[in-house]
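S.K.: Below is the file target_15.txt, which contains compact mmCIF, C-alpha atoms (C1' of nucleotides).
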```txt
# COMPACT_ATOMS: atom_id res chain seq x y z
CA MET A 12 -5.89 -11.31 -9.57
CA PRO A 13 -5.20 -13.68 -12.41
CA LYS A 14 -1.77 -15.12 -12.79
CA ALA A 15 0.33 -12.90 -15.00
CA PHE A 16 1.55 -14.17 -18.33
CA SER A 17 5.24 -14.79 -18.30
CA SER A 18 7.31 -12.34 -20.29
CA GLU A 19 9.36 -15.14 -21.72
CA VAL A 20 8.35 -14.58 -25.30
CA GLY A 21 10.38 -11.98 -27.07
CA THR A 22 13.27 -11.87 -24.67
CA GLY A 23 15.57 -14.52 -26.10
CA SER A 24 17.86 -13.86 -29.00
CA ARG A 25 17.15 -15.66 -32.23
CA GLN A 26 20.45 -17.46 -32.06
CA GLU A 27 19.65 -18.97 -28.69
CA ASN A 28 16.47 -20.39 -30.08
CA ALA A 29 18.02 -22.45 -32.80
CA SER A 30 17.49 -26.15 -32.15
CA LYS A 31 18.82 -29.22 -33.88
CA LYS A 32 15.65 -29.43 -35.94
CA GLY A 33 15.80 -25.85 -37.22
CA SER A 34 15.49 -22.23 -36.27
CA LYS A 35 12.58 -20.76 -34.42
CA LEU A 36 10.93 -17.48 -35.13
CA ASP A 37 10.25 -14.90 -32.47
CA LEU A 38 7.19 -12.92 -33.51
CA PHE A 39 8.39 -10.00 -31.44
CA ARG A 40 11.52 -9.75 -33.53
CA PHE A 41 9.85 -10.49 -36.81
CA VAL A 42 9.60 -7.23 -38.70
CA PRO A 43 6.45 -7.93 -40.76
CA PHE A 44 4.55 -8.82 -37.59
CA ARG A 45 5.88 -5.75 -35.80
CA LEU A 46 4.84 -3.54 -38.70
CA ASN A 47 1.35 -4.98 -38.61
CA ARG A 48 0.93 -4.39 -34.91
CA LEU A 49 2.45 -0.95 -35.11
CA ALA A 50 0.23 0.08 -37.99
CA ALA A 51 -2.88 -1.18 -36.20
CA GLU A 52 -1.91 0.60 -33.02
CA ALA A 53 -1.07 3.85 -34.78
CA SER A 54 -4.38 3.72 -36.65
CA ALA A 55 -6.22 3.18 -33.41
CA ALA A 56 -4.44 6.13 -31.87
CA LEU A 57 -5.50 8.36 -34.76
CA SER A 58 -9.04 7.10 -35.14
CA GLY A 59 -10.03 9.05 -32.07
CA GLU A 60 -9.48 12.16 -34.14
CA TYR A 61 -11.11 11.41 -37.47
CA GLN A 62 -13.48 8.66 -36.44
CA GLU A 63 -14.96 9.64 -33.12
CA ARG A 64 -14.62 13.35 -33.58
CA TYR A 65 -15.61 13.75 -37.23
CA GLY A 66 -17.33 10.49 -38.10
CA LEU A 67 -14.85 9.64 -40.84
CA ASP A 68 -13.56 6.15 -41.45
CA ILE A 69 -10.11 5.46 -42.87
CA PRO A 70 -11.05 5.35 -46.57
CA GLU A 71 -13.03 8.58 -46.22
CA TRP A 72 -10.14 10.26 -44.49
CA ARG A 73 -7.80 9.10 -47.25
CA VAL A 74 -10.00 10.64 -49.91
CA LEU A 75 -10.02 13.95 -48.08
CA ALA A 76 -6.28 13.79 -47.52
CA THR A 77 -5.64 13.27 -51.21
CA LEU A 78 -8.01 16.02 -52.32
CA GLY A 79 -6.69 18.37 -49.67
CA PHE A 80 -3.09 17.93 -50.63
CA ARG A 81 -3.59 18.40 -54.32
CA SER A 82 -4.39 21.76 -55.80
CA GLU A 83 -6.63 20.52 -58.62
CA ALA A 84 -9.57 18.18 -58.59
CA CYS A 85 -8.79 14.56 -59.35
CA SER A 86 -10.54 11.32 -60.13
CA ALA A 87 -11.53 8.52 -57.76
CA GLN A 88 -9.14 6.29 -59.62
CA TYR A 89 -6.30 8.63 -58.87
CA VAL A 90 -7.19 8.62 -55.18
CA ALA A 91 -7.27 4.83 -55.23
CA HIS A 92 -3.79 4.77 -56.76
CA CYS A 93 -2.33 7.32 -54.40
CA THR A 94 -3.67 5.70 -51.28
CA ARG A 95 -3.26 2.11 -52.50
CA THR A 96 -6.88 1.48 -51.62
CA HIS A 97 -9.22 -0.69 -53.70
CA LYS A 98 -11.39 1.31 -56.07
CA SER A 99 -14.61 -0.14 -54.66
CA THR A 100 -13.60 1.03 -51.20
CA ILE A 101 -12.86 4.48 -52.56
CA SER A 102 -16.16 4.48 -54.42
CA ARG A 103 -18.05 3.88 -51.19
CA ALA A 104 -16.06 6.52 -49.37
CA VAL A 105 -16.79 9.02 -52.14
CA THR A 106 -20.50 8.23 -51.96
CA ALA A 107 -20.50 8.82 -48.21
CA LEU A 108 -18.57 12.09 -48.52
CA LEU A 109 -20.89 13.31 -51.28
CA ARG A 110 -23.91 12.55 -49.09
CA ARG A 111 -22.38 14.59 -46.27
CA GLN A 112 -21.55 17.33 -48.77
CA LEU A 113 -17.90 17.31 -47.79
CA ILE A 114 -16.88 16.83 -51.40
CA GLU A 115 -18.51 17.45 -54.76
CA ARG A 116 -17.91 16.03 -58.19
CA VAL A 117 -18.10 17.47 -61.66
CA GLU A 118 -18.23 15.66 -64.96
CA ASN A 119 -15.05 15.51 -66.93
CA GLU A 120 -15.79 16.82 -70.42
CA ASP A 121 -12.78 15.04 -71.87
CA ASP A 122 -13.71 11.64 -70.48
CA ARG A 123 -17.28 11.12 -69.38
CA ARG A 124 -16.45 7.89 -67.57
CA GLU A 125 -14.73 9.71 -64.79
CA TYR A 126 -15.60 12.53 -62.40
CA ARG A 127 -13.41 15.25 -60.99
CA LEU A 128 -13.59 15.29 -57.21
CA ARG A 129 -12.93 18.26 -54.98
CA MET A 130 -13.72 19.36 -51.48
CA THR A 131 -16.61 21.68 -50.74
CA ARG A 132 -16.22 24.68 -48.48
CA LYS A 133 -17.60 22.51 -45.70
CA GLY A 134 -15.13 19.77 -46.49
CA LYS A 135 -12.23 22.20 -46.53
CA ALA A 136 -13.26 23.55 -43.16
CA LEU A 137 -13.28 20.06 -41.70
CA TYR A 138 -9.94 19.32 -43.33
CA GLU A 139 -8.34 22.47 -41.94
CA GLU A 140 -9.59 21.56 -38.50
CA LEU A 141 -8.52 17.94 -38.66
CA ILE A 142 -5.01 18.19 -40.12
CA PRO A 143 -3.30 19.90 -37.19
CA ARG A 144 -4.82 17.38 -34.82
CA LEU A 145 -3.49 14.47 -36.86
CA LEU A 146 -0.05 16.01 -37.24
CA ARG A 147 0.05 16.53 -33.51
CA LYS A 148 -0.89 12.90 -32.93
CA GLU A 149 1.83 11.80 -35.32
CA GLN A 150 4.36 13.85 -33.41
CA GLU A 151 3.12 12.33 -30.16
CA ILE A 152 3.71 8.86 -31.53
CA LEU A 153 7.19 9.83 -32.71
CA SER A 154 8.02 11.80 -29.59
CA CYS A 155 10.08 8.86 -28.35
CA LEU A 156 12.59 9.48 -31.15
CA SER A 157 15.13 12.26 -31.39
CA ALA A 158 15.02 14.63 -34.34
CA GLN A 159 17.85 12.74 -35.99
CA GLU A 160 16.20 9.40 -35.33
CA ARG A 161 12.95 10.58 -36.90
CA LYS A 162 14.84 11.64 -39.96
CA ASP A 163 16.63 8.31 -40.13
CA PHE A 164 13.41 6.44 -39.53
CA ALA A 165 11.66 8.24 -42.37
CA LEU A 166 14.63 7.54 -44.60
CA MET A 167 14.56 3.83 -43.83
CA LEU A 168 10.82 3.65 -44.35
CA GLY A 169 11.45 5.17 -47.73
CA LYS A 170 14.06 2.57 -48.59
CA ILE A 171 11.80 -0.28 -47.60
CA GLU A 172 8.89 1.21 -49.51
CA LYS A 173 11.08 1.48 -52.53
CA SER A 174 12.29 -2.07 -52.13
CA LEU A 175 8.65 -3.18 -51.91
CA ASP A 176 7.92 -1.19 -55.04
CA LEU A 177 5.65 1.20 -53.27
CA VAL A 178 7.17 4.41 -54.42
CA GLN A 179 4.98 6.77 -56.38
CA THR A 180 6.46 7.22 -59.82
CA SER A 181 5.23 8.56 -63.11
CA LYS A 182 5.27 5.00 -64.36
CA GLU A 183 2.68 4.18 -61.74
CA ALA A 184 -0.15 3.77 -64.22
CA SER A 185 1.52 0.81 -65.82
CA LYS A 186 1.37 -1.36 -62.72
CA THR A 187 -2.24 -1.03 -61.78
CA ALA A 188 -2.74 -4.73 -61.21
CA GLY A 189 -3.62 -5.69 -57.68
CA TYR A 190 -4.86 -2.39 -56.37
CA MET B 19 -1.96 3.68 -73.27
CA PRO B 20 -3.70 5.64 -70.55
CA LYS B 21 -2.25 8.93 -69.45
CA ALA B 22 0.11 8.40 -66.57
CA PHE B 23 -0.72 9.84 -63.19
CA SER B 24 1.52 12.73 -62.31
CA SER B 25 4.04 12.07 -59.61
CA GLU B 26 3.26 15.38 -58.00
CA VAL B 27 1.92 13.95 -54.78
CA GLY B 28 4.58 13.19 -52.25
CA THR B 29 7.35 15.21 -53.76
CA GLY B 30 6.85 18.58 -52.10
CA SER B 31 8.12 19.33 -48.64
CA ARG B 32 5.59 19.90 -45.92
CA GLN B 33 6.75 23.47 -45.49
CA GLU B 34 6.09 24.34 -49.10
CA ASN B 35 2.55 23.17 -48.70
CA ALA B 36 1.58 25.52 -45.93
CA SER B 37 -1.08 27.94 -47.10
CA LYS B 38 -2.65 30.95 -45.46
CA LYS B 39 -5.54 28.86 -44.27
CA GLY B 40 -3.39 26.16 -42.61
CA SER B 41 -0.97 23.35 -43.19
CA LYS B 42 -1.59 20.52 -45.57
CA LEU B 43 -0.79 16.93 -44.96
CA ASP B 44 1.15 14.83 -47.40
CA LEU B 45 0.00 11.23 -47.00
CA PHE B 46 3.31 10.04 -48.36
CA ARG B 47 5.13 11.70 -45.50
CA PHE B 48 2.59 10.84 -42.85
CA VAL B 49 4.05 8.05 -40.76
CA PRO B 50 0.81 6.32 -39.70
CA PHE B 51 -0.26 6.04 -43.33
CA ARG B 52 3.16 4.81 -44.37
CA LEU B 53 3.11 2.18 -41.65
CA ASN B 54 -0.28 0.97 -42.82
CA ARG B 55 0.81 0.64 -46.41
CA LEU B 56 4.08 -0.96 -45.47
CA ALA B 57 2.40 -3.48 -43.19
CA ALA B 58 -0.14 -4.38 -45.87
CA GLU B 59 2.58 -4.76 -48.47
CA ALA B 60 4.81 -6.83 -46.22
CA SER B 61 1.89 -9.10 -45.33
CA ALA B 62 1.08 -9.55 -48.98
CA ALA B 63 4.70 -10.42 -49.68
CA LEU B 64 4.64 -13.09 -46.98
CA SER B 65 1.21 -14.49 -47.68
CA GLY B 66 2.59 -16.27 -50.71
CA GLU B 67 4.48 -18.47 -48.27
CA TYR B 68 1.98 -19.34 -45.57
CA GLN B 69 -1.25 -18.72 -47.47
CA GLU B 70 -0.78 -20.05 -50.95
CA ARG B 71 1.79 -22.67 -50.08
CA TYR B 72 0.39 -24.01 -46.81
CA GLY B 73 -3.21 -22.79 -46.73
CA LEU B 74 -2.72 -20.83 -43.52
CA ASP B 75 -4.27 -17.44 -42.90
CA ILE B 76 -2.67 -14.83 -40.68
CA PRO B 77 -4.37 -15.77 -37.40
CA GLU B 78 -3.54 -19.45 -37.97
CA TRP B 79 0.05 -18.61 -38.72
CA ARG B 80 0.23 -16.51 -35.55
CA VAL B 81 -1.01 -19.40 -33.43
CA LEU B 82 1.65 -21.68 -34.89
CA ALA B 83 4.33 -19.04 -34.45
CA THR B 84 3.47 -18.65 -30.79
CA LEU B 85 3.32 -22.37 -30.11
CA GLY B 86 6.49 -22.97 -32.08
CA PHE B 87 8.49 -20.39 -30.25
CA ARG B 88 7.48 -21.47 -26.79
CA SER B 89 8.75 -24.67 -25.31
CA GLU B 90 5.61 -25.53 -23.31
CA ALA B 91 2.00 -25.72 -24.34
CA CYS B 92 -0.04 -22.60 -23.72
CA SER B 93 -3.62 -21.41 -23.74
CA ALA B 94 -5.54 -19.69 -26.52
CA GLN B 95 -5.80 -16.66 -24.31
CA TYR B 96 -2.06 -16.48 -24.05
CA VAL B 97 -1.73 -16.63 -27.82
CA ALA B 98 -4.30 -13.86 -28.14
CA HIS B 99 -2.28 -11.70 -25.77
CA CYS B 100 1.06 -12.37 -27.40
CA THR B 101 -0.14 -11.71 -30.89
CA ARG B 102 -2.53 -8.89 -29.97
CA THR B 103 -5.30 -10.70 -31.80
CA HIS B 104 -8.91 -10.84 -30.64
CA LYS B 105 -9.77 -13.99 -28.74
CA SER B 106 -12.61 -14.86 -31.10
CA THR B 107 -10.22 -14.71 -34.02
CA ILE B 108 -7.78 -16.96 -32.21
CA SER B 109 -10.59 -19.33 -31.32
CA ARG B 110 -11.47 -19.74 -34.99
CA ALA B 111 -7.84 -20.24 -35.94
CA VAL B 112 -7.45 -22.89 -33.25
CA THR B 113 -10.55 -24.71 -34.50
CA ALA B 114 -9.19 -24.74 -38.03
CA LEU B 115 -5.75 -25.95 -36.93
CA LEU B 116 -7.30 -28.70 -34.80
CA ARG B 117 -9.35 -29.86 -37.75
CA ARG B 118 -6.21 -30.06 -39.86
CA GLN B 119 -4.45 -31.86 -37.00
CA LEU B 120 -1.63 -29.33 -36.97
CA ILE B 121 -2.18 -28.70 -33.28
CA GLU B 122 -3.80 -30.62 -30.45
CA ARG B 123 -5.19 -29.54 -27.14
CA VAL B 124 -5.27 -31.15 -23.75
CA GLU B 125 -7.42 -30.27 -20.80
CA ASN B 126 -5.76 -28.31 -18.08
CA GLU B 127 -6.32 -30.19 -14.84
CA ASP B 128 -5.72 -27.07 -12.78
CA ASP B 129 -8.27 -24.97 -14.65
CA ARG B 130 -10.86 -26.78 -16.72
CA ARG B 131 -11.93 -23.59 -18.48
CA GLU B 132 -8.82 -23.50 -20.54
CA TYR B 133 -6.96 -25.90 -22.80
CA ARG B 134 -3.25 -26.34 -23.33
CA LEU B 135 -2.38 -26.05 -26.98
CA ARG B 136 0.62 -27.58 -28.68
CA MET B 137 1.71 -28.53 -32.14
CA THR B 138 1.39 -32.08 -33.40
CA ARG B 139 4.23 -33.81 -35.18
CA LYS B 140 2.56 -32.79 -38.43
CA GLY B 141 2.28 -29.19 -37.24
CA LYS B 142 5.94 -29.12 -36.20
CA ALA B 143 6.97 -30.43 -39.59
CA LEU B 144 5.04 -27.67 -41.31
CA TYR B 145 6.48 -25.12 -38.92
CA GLU B 146 10.05 -26.26 -39.53
CA GLU B 147 9.48 -26.03 -43.25
CA LEU B 148 7.79 -22.64 -43.14
CA ILE B 149 10.05 -20.69 -40.78
CA PRO B 150 13.16 -20.51 -42.97
CA ARG B 151 11.03 -19.37 -45.88
CA LEU B 152 9.53 -16.55 -43.85
CA LEU B 153 12.86 -15.48 -42.41
CA ARG B 154 14.26 -15.41 -45.91
CA LYS B 155 11.37 -13.24 -47.06
CA GLU B 156 11.94 -10.89 -44.15
CA GLN B 157 15.58 -10.58 -45.10
CA GLU B 158 14.57 -9.91 -48.69
CA ILE B 159 12.35 -7.06 -47.56
CA LEU B 160 15.14 -5.66 -45.40
CA SER B 161 17.84 -6.25 -47.97
CA CYS B 162 17.72 -2.57 -48.90
CA LEU B 163 19.13 -1.69 -45.48
CA SER B 164 22.68 -2.13 -44.27
CA ALA B 165 23.36 -4.28 -41.22
CA GLN B 166 23.69 -1.18 -39.08
CA GLU B 167 20.51 0.30 -40.50
CA ARG B 168 18.57 -2.87 -39.76
CA LYS B 169 19.77 -2.75 -36.21
CA ASP B 170 18.81 0.91 -35.90
CA PHE B 171 15.47 0.25 -37.53
CA ALA B 172 14.66 -2.54 -35.10
CA LEU B 173 15.69 -0.29 -32.24
CA MET B 174 13.43 2.51 -33.39
CA LEU B 175 10.53 0.14 -33.91
CA GLY B 176 11.08 -0.93 -30.33
CA LYS B 177 10.98 2.63 -29.09
CA ILE B 178 7.77 3.38 -30.93
CA GLU B 179 6.20 0.17 -29.74
CA LYS B 180 7.11 1.09 -26.23
CA SER B 181 5.73 4.57 -26.64
CA LEU B 182 2.50 3.05 -27.95
CA ASP B 183 2.47 0.73 -24.96
CA LEU B 184 2.89 -2.35 -27.05
CA VAL B 185 5.77 -3.92 -25.24
CA GLN B 186 5.28 -7.34 -23.75
CA THR B 187 5.71 -7.12 -20.00
CA SER B 188 4.86 -9.33 -17.06
CA LYS B 189 2.22 -6.77 -16.17
CA GLU B 190 0.55 -7.54 -19.49
CA ALA B 191 -2.40 -9.38 -17.96
CA SER B 192 -3.60 -6.25 -16.21
CA LYS B 193 -4.26 -4.34 -19.41
CA THR B 194 -6.37 -6.75 -21.34
CA ALA B 195 -8.99 -4.18 -22.28
CA GLY B 196 -9.18 -3.32 -25.93
CA TYR B 197 -7.72 -6.40 -27.51
C1' DT C 18 -21.38 -23.42 2.01
C1' DT C 19 -23.08 -19.82 -0.94
C1' DA C 20 -23.16 -15.98 -3.87
C1' DA C 21 -20.94 -12.41 -6.70
C1' DG C 22 -17.68 -11.40 -9.85
C1' DA C 23 -13.88 -12.68 -13.01
C1' DT C 24 -12.04 -15.52 -16.73
C1' DA C 25 -11.52 -19.11 -20.93
C1' DG C 26 -13.45 -20.24 -24.88
C1' DT C 27 -17.41 -20.39 -28.36
C1' DC C 28 -20.86 -18.38 -31.08
C1' DT C 29 -23.95 -14.96 -33.31
C1' DC C 30 -24.38 -10.58 -35.33
C1' DA C 31 -23.02 -6.60 -37.81
C1' DC C 32 -19.69 -4.26 -40.33
C1' DT C 33 -15.90 -3.74 -43.52
C1' DT C 34 -13.61 -4.83 -47.58
C1' DG C 35 -11.77 -7.30 -51.60
C1' DC C 36 -13.30 -9.63 -55.69
C1' DA C 37 -15.63 -9.84 -59.72
C1' DA C 38 -19.47 -8.82 -62.61
C1' DC C 39 -21.71 -5.07 -64.79
C1' DT C 40 -22.67 -0.53 -67.33
C1' DA C 41 -21.03 3.21 -69.72
C1' DT C 42 -17.44 5.16 -72.10
C1' DC C 43 -13.07 5.58 -74.47
C1' DT C 44 -9.26 3.91 -77.67
C1' DA C 45 -7.21 1.60 -81.34
C1' DA C 46 -7.01 -1.31 -85.08
C1' DA C 47 -9.27 -3.68 -88.94
C1' DT D 11 -17.29 2.99 -89.57
C1' DT D 12 -17.10 -1.10 -86.81
C1' DT D 13 -15.45 -3.93 -83.44
C1' DA D 14 -12.47 -5.66 -79.78
C1' DG D 15 -10.31 -4.51 -75.79
C1' DA D 16 -9.31 -1.29 -71.99
C1' DT D 17 -10.81 1.79 -68.32
C1' DA D 18 -13.91 4.56 -64.61
C1' DG D 19 -17.02 3.83 -61.42
C1' DT D 20 -20.88 1.05 -59.03
C1' DT D 21 -22.83 -2.86 -56.91
C1' DG D 22 -23.80 -7.74 -55.18
C1' DC D 23 -21.62 -11.26 -52.84
C1' DA D 24 -18.64 -13.71 -49.79
C1' DA D 25 -14.98 -13.96 -46.48
C1' DG D 26 -12.83 -12.20 -42.40
C1' DT D 27 -13.08 -9.99 -37.96
C1' DG D 28 -14.31 -7.34 -33.67
C1' DA D 29 -17.97 -6.65 -30.20
C1' DG D 30 -20.46 -8.67 -27.09
C1' DA D 31 -23.59 -12.30 -25.35
C1' DC D 32 -23.37 -16.80 -23.49
C1' DT D 33 -21.80 -21.20 -20.96
C1' DA D 34 -18.80 -23.33 -17.98
C1' DT D 35 -15.55 -22.80 -14.59
C1' DC D 36 -12.75 -20.60 -11.11
C1' DT D 37 -11.98 -17.29 -7.15
C1' DT D 38 -13.02 -14.69 -3.28
C1' DA D 39 -15.48 -13.09 0.43
C1' DA D 40 -19.48 -13.19 3.35
```
Could you quickly redo this structure as structure tokens?

M.R.:
Amino acid sequence: MPKAFSSEVGTGSRQENASKKGSKLDLFRFVPFRLNRLAAEASAALSGEYQERYGLDIPEWRVLATLGFRSEACSAQYVAHCTRTHKSTISRAVTALLRRQLIERVENEDDRREYRLRMTRKGKALYEELIPRLLRKEQEILSCLSAQERKDFALMLGKIEKSLDLVQTSKEASKTAGY
Amino acid sequence: MPKAFSSEVGTGSRQENASKKGSKLDLFRFVPFRLNRLAAEASAALSGEYQERYGLDIPEWRVLATLGFRSEACSAQYVAHCTRTHKSTISRAVTALLRRQLIERVENEDDRREYRLRMTRKGKALYEELIPRLLRKEQEILSCLSAQERKDFALMLGKIEKSLDLVQTSKEASKTAGY
DNA sequence: TTAAGATAGTCTCACTTGCAACTATCTAAA
DNA sequence: TTTAGATAGTTGCAAGTGAGACTATCTTAA
């Protein structure tokens, strides 16, 4: 048995850790770090569903999620905007999904640079099968919170998203830079 | 001016989007997706400080944060555990920090497989300069929440972390698998 | 002692992804 | 028109990272 790591880190309050030279930073209380870890862990928890079970990676799953939620077909660019994923990543995901015949694309008569994407019957079937599993997983992850807490949590996420300028607005197209 | 993307996505309630065939999933209401986006956005907001200003990447910053918070020197393995970062990633970060003379390492007499890492004077100076900037950024990000909300938010993050088995405990060493 | 298994740290390989260049197309202004 | 600039989508390239092999060392039990 190896010696256990002490649980010292993360137990002191930030105030206690102020020294003459300056304040210290406890990673375990630092929200950006916690968000990173949490996101990674949540992704890992979900990947069992879409990755192992259906052979989808995250970008592919995001494309399906966007197409599945919308009623009409939409462009790759739109998917990239919605999911905040780089267009080259979306392009590769689209190629993979086309190859597996989970989605199809039709030329846009109005603008021949872009294609309209939509799920095939096969893609829809996979989507219908996958969604409930993912929603269940999400509920599992949130099962530690009461109904009220979940509501509050979602509300606060929304506020932070807004403050980070993440909210989807109709003005979205004007701030494309950096996606 | 390009036509703006509609803001349709993310505005409907999940109930409204249930069809005969099954429920849909709104990415904008799906917590794992939101956490991913939020984490990416928060990281980007911080990277201006440690990346552009001090030439540190995330793993390097995590090593410094761990060493800076602890009073005694500690091993690379310990840093990997604390930060939930793969040991090979930490190894590379340590190499880079050694080269820049921001940290130094001394042999551990008790166990010559591992090294004790600690910040140099130069590393401490950088740390002392960087920390307040990062804490300020964190506060900026959270500025949209009231004091009570921040407290609640931290509490809920803690609950979810716990439910995802992320909490740092003295038993930590026994569940190394998967890092 | 000796041997088997565990652990710390490094390194190679493969994979993912962002960046930026590129083609084709559209838009707007001269 | 014509031309300059913007945009959709694809692709090559480079950087970052996890998996796992590998070396050196430690531990434990025969």

S.K.: So, counting only C-alpha atoms (C1' of nucleotides), which residue among C:DT24, C:DT34, C:DT42, C:DT29 is closest to D:DT37?

M.R.: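 Comparing C:DT24, C:DT34, C:DT42, C:DT29 against D:DT37, the winner is C:DT24.
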
S.K.: Go ahead and find all residues with at least one atom no further than 12 Å from (-0.4, -16.3, -36.5) in the file's coordinates, using only C-alpha atoms (C1' of nucleotides); report them as a PyMOL selection string.

M.R.: (chain A and resi 36-39+41+43-44+47) or (chain B and resi 61+65+68-69+74-87+94+97-104+107-112+115+145)

S.K.: In Å, how far is it from atom CA of A:Glu172 to atom CA of A:Ala158?

M.R.: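 The value is 21.2 Å.
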
S.K.: What is the atom CA of B:Arg134 to atom C1' of D:DA29 distance in Å?

M.R.: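 Value for the atom CA of B:Arg134-atom C1' of D:DA29 distance: 25.5 Å.
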
S.K.: Write out as a Markdown table a residue-level contact list of chain D versus chain B with cut-off 10 Å: for each qualifying residue the closest pair of atoms and the distance in Å to one decimal, counting only C-alpha atoms (C1' of nucleotides), rows sorted by chain and residue number upward.

M.R.:
```
| residue | atom | partner | partner_atom | distance |
| --- | --- | --- | --- | --- |
| D:DA16 | C1' | B:Met19 | CA | 9.0 |
| D:DT17 | C1' | B:Pro20 | CA | 8.4 |
| D:DG26 | C1' | B:Thr107 | CA | 9.1 |
| D:DT27 | C1' | B:Thr107 | CA | 6.8 |
| D:DG28 | C1' | B:His104 | CA | 7.1 |
| D:DA29 | C1' | B:Ser106 | CA | 9.8 |
| D:DA34 | C1' | B:Arg131 | CA | 6.9 |
| D:DT35 | C1' | B:Arg131 | CA | 5.4 |
| D:DC36 | C1' | B:Asp129 | CA | 7.2 |
```

S.K.: Enter the distance from atom CA of A:Ser174 to atom CA of A:Glu151, in Å, rounded to one decimal.

M.R.: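 Going from atom CA of A:Ser174 over to atom CA of A:Glu151 covers 27.8 Å.
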
S.K.: Select all residues from chain C having any atom no more than 12 Å from an atom of chain A (counting only C-alpha atoms (C1' of nucleotides), ignoring ligands), output as a PDB file with C-alpha atoms (C1' of nucleotides), in the coordinates of the input.

M.R.:
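Output below, filename iface.pdb:
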```pdb
ATOM      1  C1'  DG C  22     -17.680 -11.400  -9.850  1.00  0.00           C
ATOM      2  C1'  DA C  23     -13.880 -12.680 -13.010  1.00  0.00           C
ATOM      3  C1'  DT C  24     -12.040 -15.520 -16.730  1.00  0.00           C
ATOM      4  C1'  DA C  25     -11.520 -19.110 -20.930  1.00  0.00           C
ATOM      5  C1'  DT C  33     -15.900  -3.740 -43.520  1.00  0.00           C
ATOM      6  C1'  DT C  34     -13.610  -4.830 -47.580  1.00  0.00           C
ATOM      7  C1'  DG C  35     -11.770  -7.300 -51.600  1.00  0.00           C
ATOM      8  C1'  DC C  36     -13.300  -9.630 -55.690  1.00  0.00           C
ATOM      9  C1'  DA C  37     -15.630  -9.840 -59.720  1.00  0.00           C
ATOM     10  C1'  DT C  40     -22.670  -0.530 -67.330  1.00  0.00           C
ATOM     11  C1'  DA C  41     -21.030   3.210 -69.720  1.00  0.00           C
ATOM     12  C1'  DT C  42     -17.440   5.160 -72.100  1.00  0.00           C
ATOM     13  C1'  DC C  43     -13.070   5.580 -74.470  1.00  0.00           C
ATOM     14  C1'  DT C  44      -9.260   3.910 -77.670  1.00  0.00           C
TER      15       DT C  44
END
```

S.K.: Hey, which of B:Thr113, B:Glu90, B:Glu125, B:Ser41 ends up closest to C:DT27? Count only C-alpha atoms (C1' of nucleotides).

M.R.: B:Thr113

S.K.: Quick one: of A:Ser86, A:Ser157, A:Asn119, A:Gln112, who's nearest to A:Thr131, counting all atoms listed in the file?

M.R.: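 The shortest atom-to-atom distance to A:Thr131 comes from A:Gln112.
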
S.K.: Of the candidates B:Ile121, B:Ile159, B:Gln166, B:Gly66, which shows the shortest atom-to-atom distance to chain A, using all atoms listed in the file?

M.R.: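 Comparing B:Ile121, B:Ile159, B:Gln166, B:Gly66 against chain A, the winner is B:Ile159.
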
S.K.: Within 10 Å of D:DA14, counting only C-alpha atoms (C1' of nucleotides), which residues show up once you throw out same-chain ones fewer than 2 positions away? Write them as a count of residues only, please.

M.R.: 5

S.K.: Go through B:Leu144, B:Val49, B:Met137, B:Val124 one by one, measure the shortest atom-to-atom distance of each to chain A using all atoms listed in the file, and give the residue with the smallest value.

M.R.: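 Closest to chain A, using all atoms listed in the file: B:Val49.
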
S.K.: Choose the residue, out of A:Lys162, A:Arg110, A:Lys35, A:Arg116, that has the smallest atom-to-atom separation from chain B; count only C-alpha atoms.

M.R.: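 Of all the options, A:Lys35 lies closest to chain B.
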